[in-house]
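Everything below belongs to start-v7.cif, which stores mmCIF, C-alpha atoms; chains and numbers go by the auth columns.
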```cif
data_input
loop_
_atom_site.group_PDB
_atom_site.id
_atom_site.type_symbol
_atom_site.label_atom_id
_atom_site.label_comp_id
_atom_site.label_asym_id
_atom_site.label_seq_id
_atom_site.Cartn_x
_atom_site.Cartn_y
_atom_site.Cartn_z
_atom_site.B_iso_or_equiv
_atom_site.auth_seq_id
_atom_site.auth_asym_id
ATOM 1 C CA MET A 1 3.021 -90.736 43.295 0.00 1 Y
ATOM 2 C CA MET A 2 1.370 -93.971 44.356 0.00 2 Y
ATOM 3 C CA PRO A 3 -2.362 -94.716 44.144 0.00 3 Y
ATOM 4 C CA MET A 4 -4.192 -94.771 47.439 0.00 4 Y
ATOM 5 C CA THR A 5 -7.640 -96.241 47.757 0.00 5 Y
ATOM 6 C CA CYS A 6 -10.233 -95.336 50.312 0.00 6 Y
ATOM 7 C CA GLU A 7 -13.937 -96.066 50.116 0.00 7 Y
ATOM 8 C CA GLN A 8 -14.831 -92.533 51.265 0.00 8 Y
ATOM 9 C CA ARG A 9 -12.937 -90.887 48.409 0.00 9 Y
ATOM 10 C CA GLN A 10 -14.741 -89.812 45.280 0.00 10 Y
ATOM 11 C CA HIS A 11 -11.475 -89.675 43.293 0.00 11 Y
ATOM 12 C CA LEU A 12 -8.342 -91.818 43.244 0.00 12 Y
ATOM 13 C CA ARG A 13 -5.638 -90.070 45.247 0.00 13 Y
ATOM 14 C CA LEU A 14 -1.969 -90.272 44.400 0.00 14 Y
ATOM 15 C CA LYS A 15 0.760 -90.035 47.013 0.00 15 Y
ATOM 16 C CA ALA A 16 2.933 -87.080 46.009 0.00 16 Y
ATOM 17 C CA GLU A 17 6.694 -86.819 46.251 0.00 17 Y
ATOM 18 C CA ASN A 18 8.606 -83.577 45.716 0.00 18 Y
ATOM 19 C CA THR A 19 5.436 -81.618 45.020 0.00 19 Y
ATOM 20 C CA PHE A 20 4.566 -78.327 46.695 0.00 20 Y
ATOM 21 C CA ALA A 21 1.598 -75.995 47.093 0.00 21 Y
ATOM 22 C CA ILE A 22 2.631 -72.355 47.190 0.00 22 Y
ATOM 23 C CA ASN A 23 0.680 -69.194 47.944 0.00 23 Y
ATOM 24 C CA GLN A 24 1.580 -65.667 49.024 0.00 24 Y
ATOM 25 C CA LYS A 25 2.148 -66.667 52.653 0.00 25 Y
ATOM 26 C CA ARG A 26 3.704 -70.134 52.614 0.00 26 Y
ATOM 27 C CA VAL A 27 5.155 -73.136 50.849 0.00 27 Y
ATOM 28 C CA CYS A 28 3.576 -76.452 51.855 0.00 28 Y
ATOM 29 C CA ARG A 29 4.407 -80.020 50.893 0.00 29 Y
ATOM 30 C CA VAL A 30 1.717 -81.843 48.927 0.00 30 Y
ATOM 31 C CA PHE A 31 1.056 -85.331 50.325 0.00 31 Y
ATOM 32 C CA ASP A 32 -1.915 -86.463 48.201 0.00 32 Y
ATOM 33 C CA LEU A 33 -3.357 -85.192 44.941 0.00 33 Y
ATOM 34 C CA SER A 34 -6.457 -86.102 42.908 0.00 34 Y
ATOM 35 C CA VAL A 35 -8.658 -84.553 40.249 0.00 35 Y
ATOM 36 C CA GLY A 36 -10.908 -83.322 43.057 0.00 36 Y
ATOM 37 C CA GLY A 37 -8.441 -81.901 45.541 0.00 37 Y
ATOM 38 C CA VAL A 38 -5.202 -81.957 47.463 0.00 38 Y
ATOM 39 C CA SER A 39 -3.846 -82.525 50.957 0.00 39 Y
ATOM 40 C CA PHE A 40 -0.681 -80.873 52.140 0.00 40 Y
ATOM 41 C CA GLY A 41 1.443 -80.287 55.226 0.00 41 Y
ATOM 42 C CA CYS A 42 2.430 -76.841 56.471 0.00 42 Y
ATOM 43 C CA THR A 43 4.974 -75.747 59.044 0.00 43 Y
ATOM 44 C CA SER A 44 2.279 -73.868 60.984 0.00 44 Y
ATOM 45 C CA ASP A 45 -1.428 -73.135 61.010 0.00 45 Y
ATOM 46 C CA HIS A 46 -1.055 -69.360 60.959 0.00 46 Y
ATOM 47 C CA ASP A 47 -3.253 -67.517 58.478 0.00 47 Y
ATOM 48 C CA ILE A 48 -4.889 -70.606 56.980 0.00 48 Y
ATOM 49 C CA THR A 49 -7.955 -69.347 55.180 0.00 49 Y
ATOM 50 C CA GLU A 50 -11.028 -71.246 54.028 0.00 50 Y
ATOM 51 C CA LYS A 51 -10.557 -70.205 50.393 0.00 51 Y
ATOM 52 C CA THR A 52 -7.291 -69.342 48.705 0.00 52 Y
ATOM 53 C CA ILE A 53 -5.344 -69.555 45.457 0.00 53 Y
ATOM 54 C CA VAL A 54 -2.292 -71.827 45.211 0.00 54 Y
ATOM 55 C CA ASP A 55 0.282 -72.884 42.663 0.00 55 Y
ATOM 56 C CA ILE A 56 1.185 -76.586 42.616 0.00 56 Y
ATOM 57 C CA ILE A 57 4.679 -77.372 41.405 0.00 57 Y
ATOM 58 C CA ASP A 58 6.661 -80.606 41.277 0.00 58 Y
ATOM 59 C CA ASN A 59 10.339 -81.342 40.699 0.00 59 Y
ATOM 60 C CA TYR A 60 9.654 -82.524 37.136 0.00 60 Y
ATOM 61 C CA ASP A 61 8.712 -78.961 36.137 0.00 61 Y
ATOM 62 C CA LEU A 62 4.958 -79.565 35.973 0.00 62 Y
ATOM 63 C CA GLN A 63 3.235 -76.417 37.183 0.00 63 Y
ATOM 64 C CA LEU A 64 -0.379 -75.620 37.969 0.00 64 Y
ATOM 65 C CA PHE A 65 -0.837 -71.904 38.485 0.00 65 Y
ATOM 66 C CA ASP A 66 -3.647 -69.970 40.180 0.00 66 Y
ATOM 67 C CA ILE A 67 -5.650 -72.961 41.416 0.00 67 Y
ATOM 68 C CA PRO A 68 -8.615 -71.944 43.590 0.00 68 Y
ATOM 69 C CA ILE A 69 -9.013 -74.292 46.573 0.00 69 Y
ATOM 70 C CA GLU A 70 -11.409 -74.498 49.478 0.00 70 Y
ATOM 71 C CA THR A 71 -10.273 -75.965 52.809 0.00 71 Y
ATOM 72 C CA VAL A 72 -12.288 -79.021 53.815 0.00 72 Y
ATOM 73 C CA TRP A 73 -10.385 -79.988 56.973 0.00 73 Y
ATOM 74 C CA ILE A 74 -7.391 -78.968 59.102 0.00 74 Y
ATOM 75 C CA ALA A 75 -5.693 -81.373 61.514 0.00 75 Y
ATOM 76 C CA LYS A 76 -2.550 -81.826 63.566 0.00 76 Y
ATOM 77 C CA ASN A 77 -0.008 -83.954 61.687 0.00 77 Y
ATOM 78 C CA ASN A 78 0.443 -87.240 63.586 0.00 78 Y
ATOM 79 C CA ASP A 79 2.759 -88.883 61.046 0.00 79 Y
ATOM 80 C CA MET A 80 6.010 -89.650 62.884 0.00 80 Y
ATOM 81 C CA ASN A 81 7.995 -89.307 59.643 0.00 81 Y
ATOM 82 C CA THR A 82 6.863 -85.762 58.852 0.00 82 Y
ATOM 83 C CA ASN A 83 5.408 -84.122 61.987 0.00 83 Y
ATOM 84 C CA THR A 84 8.638 -82.468 63.088 0.00 84 Y
ATOM 85 C CA ILE A 85 8.566 -80.336 59.932 0.00 85 Y
ATOM 86 C CA TYR A 86 4.885 -80.192 58.952 0.00 86 Y
ATOM 87 C CA LYS A 87 2.832 -79.412 62.059 0.00 87 Y
ATOM 88 C CA THR A 88 -0.508 -78.979 60.293 0.00 88 Y
ATOM 89 C CA MET A 89 -2.263 -81.065 57.634 0.00 89 Y
ATOM 90 C CA ILE A 90 -4.824 -79.466 55.335 0.00 90 Y
ATOM 91 C CA GLY A 91 -7.301 -81.145 53.029 0.00 91 Y
ATOM 92 C CA ALA A 92 -8.769 -78.987 50.287 0.00 92 Y
ATOM 93 C CA LYS A 93 -10.974 -79.427 47.273 0.00 93 Y
ATOM 94 C CA PHE A 94 -10.466 -77.745 43.950 0.00 94 Y
ATOM 95 C CA LYS A 95 -13.132 -75.219 43.115 0.00 95 Y
ATOM 96 C CA THR A 96 -15.256 -76.168 40.133 0.00 96 Y
ATOM 97 C CA ASP A 97 -14.108 -73.141 38.169 0.00 97 Y
ATOM 98 C CA LEU A 98 -10.781 -74.586 36.988 0.00 98 Y
ATOM 99 C CA SER A 99 -10.015 -73.517 33.445 0.00 99 Y
ATOM 100 C CA ASP A 100 -9.653 -76.060 30.650 0.00 100 Y
ATOM 101 C CA ASP A 101 -5.876 -75.451 30.666 0.00 101 Y
ATOM 102 C CA GLN A 102 -5.696 -76.052 34.439 0.00 102 Y
ATOM 103 C CA ARG A 103 -7.711 -79.272 34.102 0.00 103 Y
ATOM 104 C CA SER A 104 -5.413 -80.405 31.308 0.00 104 Y
ATOM 105 C CA VAL A 105 -2.231 -79.773 33.295 0.00 105 Y
ATOM 106 C CA LEU A 106 -3.742 -81.429 36.386 0.00 106 Y
ATOM 107 C CA GLY A 107 -4.564 -84.486 34.277 0.00 107 Y
ATOM 108 C CA ARG A 108 -1.005 -84.648 32.945 0.00 108 Y
ATOM 109 C CA LEU A 109 0.435 -84.213 36.442 0.00 109 Y
ATOM 110 C CA LEU A 110 -1.674 -87.079 37.768 0.00 110 Y
ATOM 111 C CA SER A 111 -0.996 -89.301 34.756 0.00 111 Y
ATOM 112 C CA LEU A 112 2.756 -88.762 34.717 0.00 112 Y
ATOM 113 C CA ASN A 113 3.107 -89.170 38.477 0.00 113 Y
ATOM 114 C CA GLN A 114 1.165 -92.409 38.386 0.00 114 Y
ATOM 115 C CA GLN A 115 3.657 -93.782 35.846 0.00 115 Y
ATOM 116 C CA ARG A 116 6.852 -92.628 37.602 0.00 116 Y
ATOM 117 C CA PRO A 117 8.947 -95.199 39.460 0.00 117 Y
ATOM 118 C CA GLN A 118 8.599 -94.915 43.222 0.00 118 Y
ATOM 119 C CA MET A 119 11.553 -94.258 45.497 0.00 119 Y
ATOM 120 C CA THR A 120 11.625 -96.250 48.695 0.00 120 Y
ATOM 121 C CA GLY A 121 12.802 -94.892 52.005 0.00 121 Y
ATOM 122 C CA VAL A 122 15.753 -96.355 53.878 0.00 122 Y
#
```
Please express the file's structure as structure tokens.
Amino acid sequence: MMPMTCEQRQHLRLKAENTFAINQKRVCRVFDLSVGGVSFGCTSDHDITEKTIVDIIDNYDLQLFDIPIETVWIAKNNDMNTNTIYKTMIGAKFKTDLSDDQRSVLGRLLSLNQQRPQMTGV
């Protein structure tokens, strides 16, 4: 993950690679992750609810289970590199009722991903 800065953001966001948000209805690719929330791309906008529970899993076996999120925005994906697969982008904030264990794992996920070498596209 690579740090992204934006003056509107309350928390530093990291660009995610090989990280997914999963719930009962879909698997979505996580694009950005912070201590305050997540943005992800989904193949469709069917059955997107305002509040839901997701698991966040990356390819390094870091797993956040049963994370309550609240949708902040939904938009059409205009990124030419990903819009053929991920039609819809969703921004969500983590609910304030994360457990201490969930906060700990989220912190490790962010810390480890910030330290990982970045792969560049060809």
Explicit residue set for the PyMOL selection byres ((chain Y and resi 109) around 10), as a PyMOL selection string = chain Y and resi 1+33-35+56-58+60-64+103-108+110-114
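Across the structure, atom CA of Y:Thr71 and atom CA of Y:Thr49 are spaced 7.4 Å apart.
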What do you get, as a PDB file with C-alpha atoms, keeping the file's coordinate frame, if you spell out every residue that the PyMOL selection byres ((chain Y and resi 96) around 12) selects here?
```pdb
ATOM      1  CA  VAL Y  35      -8.658 -84.553  40.249  1.00  0.00           C
ATOM      2  CA  GLY Y  36     -10.908 -83.322  43.057  1.00  0.00           C
ATOM      3  CA  GLY Y  37      -8.441 -81.901  45.541  1.00  0.00           C
ATOM      4  CA  ILE Y  67      -5.650 -72.961  41.416  1.00  0.00           C
ATOM      5  CA  PRO Y  68      -8.615 -71.944  43.590  1.00  0.00           C
ATOM      6  CA  ILE Y  69      -9.013 -74.292  46.573  1.00  0.00           C
ATOM      7  CA  GLU Y  70     -11.409 -74.498  49.478  1.00  0.00           C
ATOM      8  CA  LYS Y  93     -10.974 -79.427  47.273  1.00  0.00           C
ATOM      9  CA  PHE Y  94     -10.466 -77.745  43.950  1.00  0.00           C
ATOM     10  CA  LYS Y  95     -13.132 -75.219  43.115  1.00  0.00           C
ATOM     11  CA  ASP Y  97     -14.108 -73.141  38.169  1.00  0.00           C
ATOM     12  CA  LEU Y  98     -10.781 -74.586  36.988  1.00  0.00           C
ATOM     13  CA  SER Y  99     -10.015 -73.517  33.445  1.00  0.00           C
ATOM     14  CA  ASP Y 100      -9.653 -76.060  30.650  1.00  0.00           C
ATOM     15  CA  GLN Y 102      -5.696 -76.052  34.439  1.00  0.00           C
ATOM     16  CA  ARG Y 103      -7.711 -79.272  34.102  1.00  0.00           C
TER      17      ARG Y 103
END
```
Name the residues that the PyMOL selection byres ((chain Y and resi 41) around 7) picks from the file above, as a ChimeraX atom specification, using the file's chain letters and numbers.
-> /Y:28-30,40,42-43,86,88-90
All residues 9 Å or closer to Y:Asn59, all atoms listed in the file, same chain fewer than 3 positions away omitted, as an mmCIF file with C-alpha atoms, in the frame of the given file:
```cif
data_model
loop_
_atom_site.group_PDB
_atom_site.id
_atom_site.type_symbol
_atom_site.label_atom_id
_atom_site.label_comp_id
_atom_site.auth_asym_id
_atom_site.auth_seq_id
_atom_site.Cartn_x
_atom_site.Cartn_y
_atom_site.Cartn_z
ATOM 1 C CA GLU Y 17 6.694 -86.819 46.251
ATOM 2 C CA ASN Y 18 8.606 -83.577 45.716
ATOM 3 C CA THR Y 19 5.436 -81.618 45.020
ATOM 4 C CA PHE Y 20 4.566 -78.327 46.695
ATOM 5 C CA LEU Y 62 4.958 -79.565 35.973
#
```
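The space between atom CA of Y:Phe65 and atom CA of Y:Asp79 spans 28.5 Å.
If you look at atom CA of Y:Glu50 and atom CA of Y:Lys76, they are 16.6 Å away from each other.
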Using all atoms listed in the file, the shortest atom-to-atom distance to Y:Asp55 among Y:Ala92, Y:Ala21, Y:Asn77, Y:Val72 belongs to Y:Ala21
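Nearest residue to Y:Val38 among Y:Ile53, Y:Trp73, Y:Thr84, Y:Gly91 is Y:Gly91, counting all atoms listed in the file.
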